[in-house]
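For reference, the structure discussed in these notes is given below.
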Protein chains: 2
Amino acid sequence: MGRPPGSLRTALVDAALSLIESEGLASLSLRKVARASGVSHAAPAHYFKDLRGLLDAVASRGYAGLLASMQAPIAGSTSLDRFGQVGRGYVLFAARHEGLYRAMFHPQLAKDPQPHDEHRKAAELTFAYVVSVVAACQRDNLVRAGDPIELSTLAWSTVHGAGALLLDGHIPGPPQSVADSVVHNLFLGFRVDS
Amino acid sequence: MGRPPGSLRTALVDAALSLIESEGLASLSLRKVARASGVSHAAPAHYFKDLRGLLDAVASRGYAGLLASMQAPIAGSTSLDRFGQVGRGYVLFAARHEGLYRAMFHPQLAKDPQPHDEHRKAAELTFAYVVSVVAACQRDNLVRAGDPIELSTLAWSTVHGAGALLLDGHIPGPPQSVADSVVHNLFLGFRVDS
DNA sequence: ACGAGAACTTGTCATTGTCAAGTCGAGGAC
DNA sequence: GTCCTCGACTTGACAATGACAAGTTCTCGT
């Protein structure tokens, strides 16, 4: 199959994403990815030496989608609007891309639980956007003073936990309303003191 | 090997817990558990038909430990003290029992991502304690009014997210201070309005 | 005495991650 | 032009695993 040069790696990640979406993360395997891409069973190991490597590549792709979801165009465009969209976009991304979300944060499939560089870089980039939005809210006097990184870490924890618990079925109700509730309550804790 | 009657199931869960602690969740297998317990490779399937079944049993055990960690004896005993201990206990439990915590919340090893009844019951029992503590704080006028279940869900999301991100290395710093920071900020958002 | 069911064991199968070794073609050195 | 190397795979093999089917053995009620 005439493949554009240097694109097998990309194609393998595409196949992995598609398999995760259609069959779930748990049944992903290096060999399935290879088969879906029409290459030999050992080809993936050439690019990602490990299952861990594949998952890191998949996760990096996932962070791009997550960031896009948090930056989705919204009606208003005050810093507060963007704050709300960050939270909602995060939780809804988890709900809409369950397998991918799990691949990003719960890589149980790989023996080594610690994410590698590519993965970690992508995560930091995404986090940086959250920090920038929080800082903007502080400049507009909508969010109380304090280290924006610490506040952002808390916000990340909250939306991340909500997404995870939602996927595990621990939080009842439709994702949309869970997202709204979480964001609403989170902001109550971030307001400037009255 | 003369085994007390009806105790193999318990012994298998014990073995699984021990293996998770010593080698990590990712390398757990039904067969290893069987070997560690001195029984045939198919014995575990008799009690937990699935890997999923074993993980559910392990998770149920885990919730008992989690609850204990949240109820750890503390100096003061106001409802606020207990609120703090719930949060700290949760985050620290995650940090101290990484494999078990992952087994409880990220059962990627099983094909079916949804927890089963035993697991879910244990989770609800644990959550009920959180709700009771939050409600007590409300009675003492330390936490703002509102549906205690909704507030507790938010609190759970936050500590759960913090634990998960901590394990994935996304939050730097020692677990103890992360726990303190999270609980501190969480409470700021729960205070009664001034 | 007998049948039934619980508590396993033995055997087997397809699938998987990983490693070692090969193949093959393009690009540069001489 | 020939040689050499190196990247991009392929082929082959191995041990481990989850799951299933078919026993076996033991106990208990009748």
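Within each chain, counting starts at residue 1; across the structure tokens, chains are named A, B, ... in the order shown, with ligands numbered 1 upward in that order.
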key: Spatial neighbours of DG27 (chain C), max dist 12 Å, only C-alpha atoms (C1' of nucleotides), sep filter under 5 positions, as a PyMOL selection string   = chain D and resi 4-7
task = May I ask you to extract the residues of chain D within 9 Å of chain B, using only C-alpha atoms (C1' of nucleotides), and to give them as a ChimeraX atom specification?
result = /D:17-19
Please dump the current selection as a PDB file, in the first residue's frame; keep C-alpha atoms (C1' of nucleotides).
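See part_8.pdb below for the written result:
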ATOM      1  C1'  DT D  17      -1.993 -14.722  29.943  1.00  0.00           C
ATOM      2  C1'  DG D  18      -7.541 -14.910  30.102  1.00  0.00           C
ATOM      3  C1'  DA D  19     -10.930 -17.848  29.178  1.00  0.00           C
TER       4       DA D  19
END
key: helix (DSSP H, G or I) residues, from DSSP on the backbone, in region 42-182 of chain B, as a ChimeraX atom specification   = /B:43-47,51-70,79-96,98-105,117-139,148-167,175-182
message = With 10 Å as the limit and counting only C-alpha atoms, what residues in chain B lie close to chain A? Please list them as a ChimeraX atom specification.
response = /B:23-28,98-99,102-115,120,123-124,127,150-151,153-171,178,181-183,185-191,193-194
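Among the candidate residues A:His41, A:Ala57, A:Pro148, A:Gln85, the one lying nearest to chain C is A:His41, with distances computed using only C-alpha atoms (C1' of nucleotides).
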message = With only C-alpha atoms (C1' of nucleotides) considered, list every residue of chain C at most 12 Å from chain A, as a PyMOL selection string.
response = chain C and resi 15-19
task = Do a neighbour search on DC26 (chain D) at 12 Å with only C-alpha atoms (C1' of nucleotides), toss out local chain neighbours closer than 3 positions, and write the hits as a list in words.
result =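 The neighbour list is DA4, DG5, DA6, DA7 and DC8 of chain C.
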Dump of N, CA and C atoms (P, O5', C5', C4', C3', O3' and C1' of nucleotides) for the selected residues, as an mmCIF file, in the first residue's frame:
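And here's selection.cif as it stands now:
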data_model
loop_
_atom_site.group_PDB
_atom_site.id
_atom_site.type_symbol
_atom_site.label_atom_id
_atom_site.label_comp_id
_atom_site.auth_asym_id
_atom_site.auth_seq_id
_atom_site.Cartn_x
_atom_site.Cartn_y
_atom_site.Cartn_z
ATOM 1 P P DA C 4 -28.844 -36.624 40.273
ATOM 2 O "O5'" DA C 4 -28.345 -35.411 41.175
ATOM 3 C "C5'" DA C 4 -29.008 -35.135 42.410
ATOM 4 C "C4'" DA C 4 -28.369 -33.922 43.065
ATOM 5 C "C3'" DA C 4 -27.769 -32.948 42.058
ATOM 6 O "O3'" DA C 4 -27.971 -31.621 42.531
ATOM 7 C "C1'" DA C 4 -26.078 -33.712 43.509
ATOM 8 P P DG C 5 -27.941 -30.411 41.500
ATOM 9 O "O5'" DG C 5 -26.957 -29.375 42.193
ATOM 10 C "C5'" DG C 5 -27.018 -29.187 43.597
ATOM 11 C "C4'" DG C 5 -25.629 -29.009 44.168
ATOM 12 C "C3'" DG C 5 -24.763 -27.987 43.403
ATOM 13 O "O3'" DG C 5 -24.212 -27.106 44.362
ATOM 14 C "C1'" DG C 5 -23.556 -29.952 43.802
ATOM 15 P P DA C 6 -23.760 -25.645 43.869
ATOM 16 O "O5'" DA C 6 -22.534 -25.341 44.831
ATOM 17 C "C5'" DA C 6 -22.602 -25.768 46.188
ATOM 18 C "C4'" DA C 6 -21.222 -26.163 46.657
ATOM 19 C "C3'" DA C 6 -20.127 -25.158 46.288
ATOM 20 O "O3'" DA C 6 -19.306 -24.965 47.434
ATOM 21 C "C1'" DA C 6 -19.534 -27.317 45.528
ATOM 22 P P DA C 7 -18.218 -23.809 47.475
ATOM 23 O "O5'" DA C 7 -16.861 -24.543 47.068
ATOM 24 C "C5'" DA C 7 -16.376 -25.565 47.925
ATOM 25 C "C4'" DA C 7 -15.136 -26.179 47.314
ATOM 26 C "C3'" DA C 7 -14.158 -25.145 46.710
ATOM 27 O "O3'" DA C 7 -12.825 -25.555 47.030
ATOM 28 C "C1'" DA C 7 -14.676 -26.749 45.108
ATOM 29 P P DC C 8 -11.664 -24.487 47.049
ATOM 30 O "O5'" DC C 8 -11.571 -24.032 45.517
ATOM 31 C "C5'" DC C 8 -10.416 -24.337 44.745
ATOM 32 C "C4'" DC C 8 -10.412 -25.782 44.254
ATOM 33 C "C3'" DC C 8 -9.400 -26.060 43.159
ATOM 34 O "O3'" DC C 8 -8.157 -26.446 43.707
ATOM 35 C "C1'" DC C 8 -11.490 -27.184 42.761
#
inquiry  = With only C-alpha atoms (C1' of nucleotides) as the counted atoms, please give the residues lying no more than 12 Å from DA21 (chain D), apart from itself and same-chain residues fewer than 4 positions off, as an MDAnalysis selection string.
reply    = (chainID B and resid 42) or (chainID C and resid 10:13)
ask   = Could you pull the residues within 12 Å of Val133 (chain A), counting only C-alpha atoms (C1' of nucleotides), minus those fewer than 4 positions along the same chain, as a PyMOL selection string?
value = chain A and resi 70-71+77-87+126-129+137-140+142-143+148-149+151-152+155
